[in-house]
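Structure record follows, encoded as structure tokens.
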Amino acid sequence: MKIAVYPGSFDPITLGHLDIVQRAAAIVDKLIICVMVNAEKAPLFDLTDRMRLVERATAKFDNVVTDTSDLLLAEYARQVDANVIVKGLRAMSDYEKECQMALINKKINPDLDTFFLAASEKYTYLSSSIVKEMARYGVDLAEFVPQEIIADITKKTAHRR
Ligand code: ADP
């Protein structure tokens with residue numbers, strides 16, 4: 001069974017993330033979206049909320065589950081028996097960092113490979129940061145995030161401008 005982990009902050013999940021989820025879930029047997037703690041970022045949503053939003057946005061996929069972890073990714077992958085990490089690549093700027101991470105993860109856990117999926121052209125500009133910025137200015141989020149979570153983001157950012 002091919003089990004893959006798609007890690008990230010997902011603060012919040014965007015249509016770009018969802019596109020990667022859909023494409024990866026069509027390739028592997030089981031995809032675990034792992035909402036990770038990132039000590040370098042002060043998130044808008046706490047870990048539980050981020051996971052709840054991911055769960056709601058991906059409820060329609062039978063072979064996708066959501067989890068959270070504060071472990072090292074390579075260690076987490078070992079614990080859940082995953083042999084693949086899935087990453088989305090938007091630009092060369094993503095590539096440099098992600099390639100380094102892939103090599104480190106392989107060193108720590110030699111059974112683990114990283115698959116890069118090229119971001120779909122229509123989402124290459126999209127990031128969680130852009131979504132938060134737009135939300136603060138009251139821009140309609142329909143083109144950026146799954147419909148099911150728009151109200152949560154609007155509510156959270158209403159007083160943060
Ligand atoms: P991180 O905080 O680790 O950068 P993110 O939640 O921003 O995590 O992103 C998680 C993963 O999704 C990363 O592999 C990132 O490259 C990918 N990703 C982010 N936005 C997009 C997008 N618009 N299209 C495709 N992949 C994306």
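Going by the structure tokens order, chains are called A, B, ..., each with residues numbered from 1, while ligands are numbered from 1 in the order shown.
Near region 19-26 of chain A, within a cut-off of 8 Å and counting only C-alpha atoms, sit the residues A:Tyr6, A:Leu15, A:Gly16, A:Asp29, A:Lys30, A:Leu31, A:Phe61, A:Asn63, A:Val64, A:Val86, A:Lys87, A:Gly88, A:Leu117, A:Ala119, A:Ser120, with same-chain residues fewer than 3 positions away left out.
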For this session: Assign secondary structure with DSSP using the backbone only, and return the residues of chain A in strand (DSSP E or B) as a PyMOL selection string.
Result: chain A and resi 3-8+30-36+64-69+84-89+113-118
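Considering the residues A:Ala74, A:Leu103, A:Ala118, A:Ile108 and counting only C-alpha atoms, Ala91 (chain A) has its shortest atom-to-atom contact with A:Ala118.
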Problem set entry | Using only C-alpha atoms and all ligand atoms: which of A:Ala59, A:Ile150, A:Met1, A:Leu89 has the shortest distance to ligand 1 | A:Leu89
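Closest approach to ligand 1 among A:Ala57, A:Met51, A:Ala158, A:Met36: A:Met36, based on only C-alpha atoms and all ligand atoms.
Candidate residues A:Phe45, A:Phe10, A:Tyr123, A:Phe144 were compared for distance to Thr66 (chain A), and the nearest is A:Phe10, using only C-alpha atoms.
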For this session: Please run DSSP on the backbone and report, as a PyMOL selection string, all residues within region 3-155 of chain A that come out as helix (DSSP H, G or I).
Result: chain A and resi 15-25+47-57+73-79+92-108+121-123+128-136+147-155
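With distances restricted to only C-alpha atoms, A:Ile153 is the closest residue to Tyr137 (chain A) from A:Met92, A:Ile13, A:Leu73, A:Ile153.
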